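Below is one structure, written out as structure tokens; the observations come after it.
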Amino acid sequence: MTLWLMFFVIGVVTYAIRLSCIGLLGQREMPALLLKSLRFVPLTVLPAIILPQLFLRNNTLALSIQNPRWMAGILAAIVAWRTRNVLLTIAVGMVGLWVLQFVLER
Amino acid sequence: MVSKRSEFLTGIKEILPILLGVLPFGLIYGVSARSAGLPVLAAQAMSFIVFAGSAQFVTVQLISAGVPVSIVILTACLLNLRHALYSASIAPYVKRLPRRWKMLLAYVLTDEAYAVTITHYRQSDGAGIRSVASNNDARFVTPKHWYFLGAGLTLWIVWQISTAVGILLGANVPTSWSLDFTLPLTFIALVVPALKTRAEWIAAGTAGIIAVLAVGLPLNLGLLVATFTGMAIGLGVEVKAGGR
């Protein structure tokens, strides 16, 4: 029961957050500075999600070669930068991770 | 003039490659929800009610760690606060749509749907966001919201199916496959090609580095601190460089 209540609250709040500006912004104009800064939203949120997953292990910095994730991540970033291909980026990143994990376990 | 139908189909087509990253992620959510001891129905219900991958993951992790309900709710909601920024970013393009459209589109506004939709709005809209914002003609409605719906709905269907499969598979997928890594990889594939100017690279780098350094902050606040600092610094660099 607590579980369902918890999901319900999270769901309602999430929906309210998503609807917030879409729903409230009637015919009002948005300030130019706000529009300009919003361009940076996806460019900053995504790296802030990505980098901790690459460089942290159990919430501590893991920059050694014992951590294959940052190496596979950088490899994927290079592929994304050169090819702009989503599928290829994911494929190279996953294969890279598996190979590195395999090598490190030797 | 592009038709509604072709916009809808283009939305489906352009989110398809991203689904390769979403599919295993949904699968893992299902598997981890079951191994955390969530009942089958509740685990799938969260995909319907919340429909936000990373928040669902965090919720499952915290539940299995025995964290108090209020903290779980707060953390999941904080994590989803970034959607307010997406909402603000997409709002100028959908502001002339009827209310029922806005309510529907808000439900499918996820990281992935936002990423492809905002790119689509900007690409095919030559003059960019400013022309939309300054055009007060009520008839100025393009069928691009059909693209948004096509992308969002496709993602929704794939998310429901993949989490259901994961829940049914239960603990049969070995963690050594590291399928959770497809999430950061998907995000890398989305963000790296979008970085063009110096200001954008600096903003992205700043946000990423601060997120790593601020991991000790309570309640996942690091994510928001990193985002806002990155935005402010990127904006500062851009203004100093004379804008664009």
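Convention: chains lettered A, B, ... in structure tokens order; per-chain residue numbering from 1; ligands numbered from 1 as shown.
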*Could you pull the residues within 6 Å of stretch 80-89 of chain A, counting only C-alpha atoms, minus those fewer than 3 positions along the same chain, as number ranges by chain?*
A: 76-77, 92; B: 17, 189, 192-193
*Counting only C-alpha atoms, figure out which residue out of A:Met1, A:Val103, A:Ala91, A:Leu61 gets nearest to A:Val79.*
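Checking each candidate against A:Val79, we get A:Ala91 as the closest.
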*From a DSSP pass on the backbone, collect the residues of stretch 137-191 of chain B flagged as helix (DSSP H, G or I) and hand them back as a VMD selection string.*
chain B and resid 144 to 172 175 to 177 179 to 191
Filtering to N, CA and C atoms, could you give me those residues as a tab-separated table (two decimals), in the first residue's frame?
```
chain	number	residue	atom	x	y	z
B	144	LYS	N	4.19	20.16	-36.08
B	144	LYS	CA	5.36	19.51	-35.48
B	144	LYS	C	5.05	18.82	-34.16
B	145	HIS	N	3.91	19.18	-33.54
B	145	HIS	CA	3.56	18.48	-32.31
B	145	HIS	C	3.24	17.00	-32.61
B	146	TRP	N	2.92	16.69	-33.85
B	146	TRP	CA	2.71	15.29	-34.23
B	146	TRP	C	4.02	14.52	-34.20
B	147	TYR	N	5.11	15.20	-34.54
B	147	TYR	CA	6.44	14.60	-34.41
B	147	TYR	C	6.70	14.26	-32.94
B	148	PHE	N	6.45	15.23	-32.07
B	148	PHE	CA	6.61	15.08	-30.62
B	148	PHE	C	5.81	13.86	-30.14
B	149	LEU	N	4.55	13.78	-30.56
B	149	LEU	CA	3.68	12.68	-30.15
B	149	LEU	C	4.19	11.34	-30.68
B	150	GLY	N	4.62	11.33	-31.95
B	150	GLY	CA	5.13	10.10	-32.54
B	150	GLY	C	6.33	9.57	-31.78
B	151	ALA	N	7.26	10.48	-31.47
B	151	ALA	CA	8.47	10.09	-30.74
B	151	ALA	C	8.12	9.66	-29.31
B	152	GLY	N	7.30	10.48	-28.63
B	152	GLY	CA	6.96	10.22	-27.24
B	152	GLY	C	6.17	8.93	-27.05
B	153	LEU	N	5.21	8.71	-27.94
B	153	LEU	CA	4.36	7.53	-27.84
B	153	LEU	C	5.14	6.25	-28.11
B	154	THR	N	6.02	6.32	-29.12
B	154	THR	CA	6.85	5.15	-29.45
B	154	THR	C	7.72	4.78	-28.26
B	155	LEU	N	8.33	5.81	-27.65
B	155	LEU	CA	9.17	5.57	-26.49
B	155	LEU	C	8.34	4.96	-25.35
B	156	TRP	N	7.13	5.48	-25.18
B	156	TRP	CA	6.25	4.99	-24.11
B	156	TRP	C	5.97	3.50	-24.29
B	157	ILE	N	5.58	3.13	-25.52
B	157	ILE	CA	5.25	1.73	-25.80
B	157	ILE	C	6.46	0.83	-25.54
B	158	VAL	N	7.62	1.24	-26.06
B	158	VAL	CA	8.82	0.42	-25.90
B	158	VAL	C	9.21	0.31	-24.42
B	159	TRP	N	9.04	1.42	-23.68
B	159	TRP	CA	9.37	1.41	-22.25
B	159	TRP	C	8.47	0.43	-21.50
B	160	GLN	N	7.15	0.48	-21.78
B	160	GLN	CA	6.21	-0.42	-21.09
B	160	GLN	C	6.56	-1.88	-21.40
B	161	ILE	N	6.80	-2.19	-22.67
B	161	ILE	CA	7.08	-3.56	-23.06
B	161	ILE	C	8.40	-4.05	-22.46
B	162	SER	N	9.45	-3.19	-22.55
B	162	SER	CA	10.76	-3.65	-22.08
B	162	SER	C	10.78	-3.81	-20.56
B	163	THR	N	10.10	-2.92	-19.82
B	163	THR	CA	10.08	-3.12	-18.36
B	163	THR	C	9.27	-4.36	-18.01
B	164	ALA	N	8.17	-4.61	-18.76
B	164	ALA	CA	7.36	-5.81	-18.50
B	164	ALA	C	8.19	-7.07	-18.74
B	165	VAL	N	8.95	-7.09	-19.84
B	165	VAL	CA	9.80	-8.25	-20.12
B	165	VAL	C	10.83	-8.44	-19.00
B	166	GLY	N	11.44	-7.32	-18.57
B	166	GLY	CA	12.43	-7.38	-17.49
B	166	GLY	C	11.82	-7.94	-16.21
B	167	ILE	N	10.60	-7.48	-15.89
B	167	ILE	CA	9.92	-7.94	-14.68
B	167	ILE	C	9.66	-9.45	-14.77
B	168	LEU	N	9.25	-9.90	-15.96
B	168	LEU	CA	8.96	-11.33	-16.13
B	168	LEU	C	10.23	-12.18	-16.11
B	169	LEU	N	11.30	-11.62	-16.68
B	169	LEU	CA	12.57	-12.34	-16.66
B	169	LEU	C	13.11	-12.47	-15.24
B	170	GLY	N	12.76	-11.45	-14.41
B	170	GLY	CA	13.23	-11.47	-13.03
B	170	GLY	C	14.73	-11.42	-12.95
B	171	ALA	N	15.29	-12.25	-12.15
B	171	ALA	CA	16.72	-12.17	-11.89
B	171	ALA	C	17.54	-13.04	-12.84
B	172	ASN	N	16.97	-13.33	-14.04
B	172	ASN	CA	17.69	-14.24	-14.95
B	172	ASN	C	18.74	-13.58	-15.84
B	175	THR	N	24.25	-9.70	-14.10
B	175	THR	CA	24.71	-8.32	-14.01
B	175	THR	C	26.03	-8.13	-14.75
B	176	SER	N	26.74	-9.24	-15.02
B	176	SER	CA	28.04	-9.13	-15.70
B	176	SER	C	27.87	-8.62	-17.13
B	177	TRP	N	26.64	-8.62	-17.66
B	177	TRP	CA	26.42	-8.07	-19.00
B	177	TRP	C	26.51	-6.55	-18.99
B	179	LEU	N	24.37	-4.22	-18.70
B	179	LEU	CA	23.42	-3.56	-19.61
B	179	LEU	C	23.04	-2.16	-19.14
B	180	ASP	N	23.25	-1.86	-17.85
B	180	ASP	CA	22.93	-0.53	-17.35
B	180	ASP	C	23.79	0.54	-18.03
B	181	PHE	N	24.92	0.12	-18.62
B	181	PHE	CA	25.82	1.07	-19.27
B	181	PHE	C	25.21	1.68	-20.53
B	182	THR	N	24.16	1.07	-21.05
B	182	THR	CA	23.53	1.63	-22.26
B	182	THR	C	22.91	2.99	-21.98
B	183	LEU	N	22.57	3.28	-20.73
B	183	LEU	CA	21.98	4.60	-20.43
B	183	LEU	C	22.96	5.74	-20.65
B	184	PRO	N	24.13	5.73	-19.96
B	184	PRO	CA	25.09	6.80	-20.26
B	184	PRO	C	25.51	6.82	-21.72
B	185	LEU	N	25.59	5.65	-22.35
B	185	LEU	CA	25.99	5.62	-23.77
B	185	LEU	C	24.94	6.33	-24.65
B	186	THR	N	23.67	6.09	-24.34
B	186	THR	CA	22.60	6.77	-25.09
B	186	THR	C	22.74	8.27	-24.95
B	187	PHE	N	22.96	8.72	-23.72
B	187	PHE	CA	23.08	10.15	-23.46
B	187	PHE	C	24.31	10.73	-24.16
B	188	ILE	N	25.41	9.98	-24.19
B	188	ILE	CA	26.62	10.43	-24.90
B	188	ILE	C	26.29	10.62	-26.39
B	189	ALA	N	25.58	9.63	-26.95
B	189	ALA	CA	25.22	9.70	-28.38
B	189	ALA	C	24.33	10.90	-28.67
B	190	LEU	N	23.55	11.33	-27.68
B	190	LEU	CA	22.65	12.47	-27.89
B	190	LEU	C	23.36	13.80	-27.72
B	191	VAL	N	24.23	13.89	-26.71
B	191	VAL	CA	24.75	15.21	-26.35
B	191	VAL	C	26.00	15.60	-27.14
```
*Near B:Gly222, counting only C-alpha atoms, which residues have an atom at most 8 Å away, once you skip same-chain residues fewer than 5 positions from it, shown as an MDAnalysis selection string?*
chainID B and resid 210:211 214:217
*In stretch 44-96 of chain A, DSSP strand (DSSP E or B) residues written as a list in words*: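 Here is the list: Leu56, Arg57, Thr60 and Leu61 of chain A.
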*For stretch 55-59 of chain A, list every protein, DNA or RNA residue within 12 Å, evaluated using only C-alpha atoms, and leave out those in the same chain fewer than 3 positions away; present the list as an MDAnalysis selection string.*
(chainID A and resid 47:52 62:74) or (chainID B and resid 184 208:218 220 222)
Would you write out those residues with N, CA and C atoms, as an mmCIF file, in the first residue's frame?
```
data_model
loop_
_atom_site.group_PDB
_atom_site.id
_atom_site.type_symbol
_atom_site.label_atom_id
_atom_site.label_comp_id
_atom_site.auth_asym_id
_atom_site.auth_seq_id
_atom_site.Cartn_x
_atom_site.Cartn_y
_atom_site.Cartn_z
ATOM 1 N N PRO A 47 25.477 15.762 -19.559
ATOM 2 C CA PRO A 47 26.822 15.478 -19.029
ATOM 3 C C PRO A 47 26.818 15.282 -17.517
ATOM 4 N N ALA A 48 25.939 16.002 -16.803
ATOM 5 C CA ALA A 48 25.876 15.855 -15.345
ATOM 6 C C ALA A 48 25.335 14.487 -14.938
ATOM 7 N N ILE A 49 24.591 13.835 -15.827
ATOM 8 C CA ILE A 49 24.153 12.465 -15.557
ATOM 9 C C ILE A 49 25.231 11.473 -16.001
ATOM 10 N N ILE A 50 25.855 11.788 -17.144
ATOM 11 C CA ILE A 50 26.818 10.847 -17.744
ATOM 12 C C ILE A 50 28.111 10.715 -16.926
ATOM 13 N N LEU A 51 28.777 11.855 -16.672
ATOM 14 C CA LEU A 51 30.123 11.794 -16.103
ATOM 15 C C LEU A 51 30.232 11.045 -14.773
ATOM 16 N N PRO A 52 29.296 11.257 -13.822
ATOM 17 C CA PRO A 52 29.405 10.468 -12.592
ATOM 18 C C PRO A 52 29.317 8.965 -12.844
ATOM 19 N N ALA A 62 37.090 7.157 -9.600
ATOM 20 C CA ALA A 62 37.781 5.935 -10.033
ATOM 21 C C ALA A 62 38.401 6.176 -11.400
ATOM 22 N N LEU A 63 39.611 6.749 -11.387
ATOM 23 C CA LEU A 63 40.267 7.117 -12.642
ATOM 24 C C LEU A 63 41.301 6.093 -13.107
ATOM 25 N N SER A 64 41.402 4.977 -12.376
ATOM 26 C CA SER A 64 42.420 3.990 -12.735
ATOM 27 C C SER A 64 41.941 3.143 -13.914
ATOM 28 N N ILE A 65 42.861 2.338 -14.465
ATOM 29 C CA ILE A 65 42.467 1.463 -15.561
ATOM 30 C C ILE A 65 41.674 0.269 -15.049
ATOM 31 N N GLN A 66 41.535 0.169 -13.720
ATOM 32 C CA GLN A 66 40.690 -0.890 -13.173
ATOM 33 C C GLN A 66 39.209 -0.600 -13.414
ATOM 34 N N ASN A 67 38.913 0.668 -13.741
ATOM 35 C CA ASN A 67 37.534 1.058 -14.025
ATOM 36 C C ASN A 67 37.343 1.202 -15.537
ATOM 37 N N PRO A 68 36.754 0.205 -16.186
ATOM 38 C CA PRO A 68 36.657 0.240 -17.652
ATOM 39 C C PRO A 68 35.616 1.237 -18.163
ATOM 40 N N ARG A 69 34.748 1.742 -17.266
ATOM 41 C CA ARG A 69 33.620 2.539 -17.750
ATOM 42 C C ARG A 69 34.031 3.875 -18.360
ATOM 43 N N TRP A 70 35.013 4.545 -17.738
ATOM 44 C CA TRP A 70 35.377 5.848 -18.302
ATOM 45 C C TRP A 70 36.089 5.680 -19.635
ATOM 46 N N MET A 71 36.826 4.570 -19.770
ATOM 47 C CA MET A 71 37.526 4.342 -21.046
ATOM 48 C C MET A 71 36.521 4.031 -22.155
ATOM 49 N N ALA A 72 35.574 3.150 -21.866
ATOM 50 C CA ALA A 72 34.535 2.824 -22.848
ATOM 51 C C ALA A 72 33.694 4.056 -23.167
ATOM 52 N N GLY A 73 33.457 4.894 -22.155
ATOM 53 C CA GLY A 73 32.673 6.113 -22.344
ATOM 54 C C GLY A 73 33.372 7.107 -23.260
ATOM 55 N N ILE A 74 34.686 7.279 -23.054
ATOM 56 C CA ILE A 74 35.449 8.207 -23.901
ATOM 57 C C ILE A 74 35.502 7.683 -25.339
ATOM 58 N N PRO B 184 24.133 5.726 -19.956
ATOM 59 C CA PRO B 184 25.091 6.803 -20.256
ATOM 60 C C PRO B 184 25.512 6.825 -21.725
ATOM 61 N N GLY B 208 29.456 18.476 -16.143
ATOM 62 C CA GLY B 208 29.887 17.102 -15.906
ATOM 63 C C GLY B 208 30.869 16.996 -14.760
ATOM 64 N N ILE B 209 31.861 17.893 -14.761
ATOM 65 C CA ILE B 209 32.898 17.844 -13.716
ATOM 66 C C ILE B 209 32.310 18.164 -12.345
ATOM 67 N N ILE B 210 31.448 19.176 -12.287
ATOM 68 C CA ILE B 210 30.844 19.519 -10.999
ATOM 69 C C ILE B 210 29.961 18.381 -10.497
ATOM 70 N N ALA B 211 29.260 17.721 -11.404
ATOM 71 C CA ALA B 211 28.416 16.585 -10.988
ATOM 72 C C ALA B 211 29.259 15.481 -10.358
ATOM 73 N N VAL B 212 30.463 15.272 -10.902
ATOM 74 C CA VAL B 212 31.359 14.264 -10.334
ATOM 75 C C VAL B 212 31.851 14.705 -8.953
ATOM 76 N N LEU B 213 32.273 15.982 -8.870
ATOM 77 C CA LEU B 213 32.833 16.478 -7.608
ATOM 78 C C LEU B 213 31.770 16.629 -6.526
ATOM 79 N N ALA B 214 30.514 16.912 -6.935
ATOM 80 C CA ALA B 214 29.466 17.229 -5.966
ATOM 81 C C ALA B 214 28.657 16.001 -5.580
ATOM 82 N N VAL B 215 29.196 14.817 -5.858
ATOM 83 C CA VAL B 215 28.428 13.600 -5.607
ATOM 84 C C VAL B 215 28.129 13.415 -4.123
ATOM 85 N N GLY B 216 28.945 14.041 -3.270
ATOM 86 C CA GLY B 216 28.735 13.911 -1.834
ATOM 87 C C GLY B 216 27.544 14.697 -1.310
ATOM 88 N N LEU B 217 27.052 15.643 -2.113
ATOM 89 C CA LEU B 217 25.915 16.452 -1.657
ATOM 90 C C LEU B 217 24.694 15.559 -1.419
ATOM 91 N N PRO B 218 23.921 15.898 -0.370
ATOM 92 C CA PRO B 218 22.780 15.046 -0.052
ATOM 93 C C PRO B 218 21.658 15.153 -1.098
ATOM 94 N N ASN B 220 20.855 13.934 -3.984
ATOM 95 C CA ASN B 220 21.073 14.114 -5.420
ATOM 96 C C ASN B 220 21.111 15.566 -5.858
ATOM 97 N N GLY B 222 23.585 17.353 -6.252
ATOM 98 C CA GLY B 222 24.740 17.568 -7.120
ATOM 99 C C GLY B 222 24.339 17.765 -8.571
#
```
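With only C-alpha atoms as the basis for measurement, B:Ala91 is the residue among B:Leu41, B:Ala241, B:Leu97, B:Ala91 that approaches chain A most closely.
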*Can you work out the spacing between atom CA of B:Tyr121 and atom CA of B:Arg5 in Å, to one decimal?*
16.4 Å
*Nearest to B:Gly236, chosen from A:Val13, A:Cys21, A:Leu104, A:Leu33, with only C-alpha atoms counted in the distances*: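 The shortest atom-to-atom distance to B:Gly236 comes from A:Leu33.
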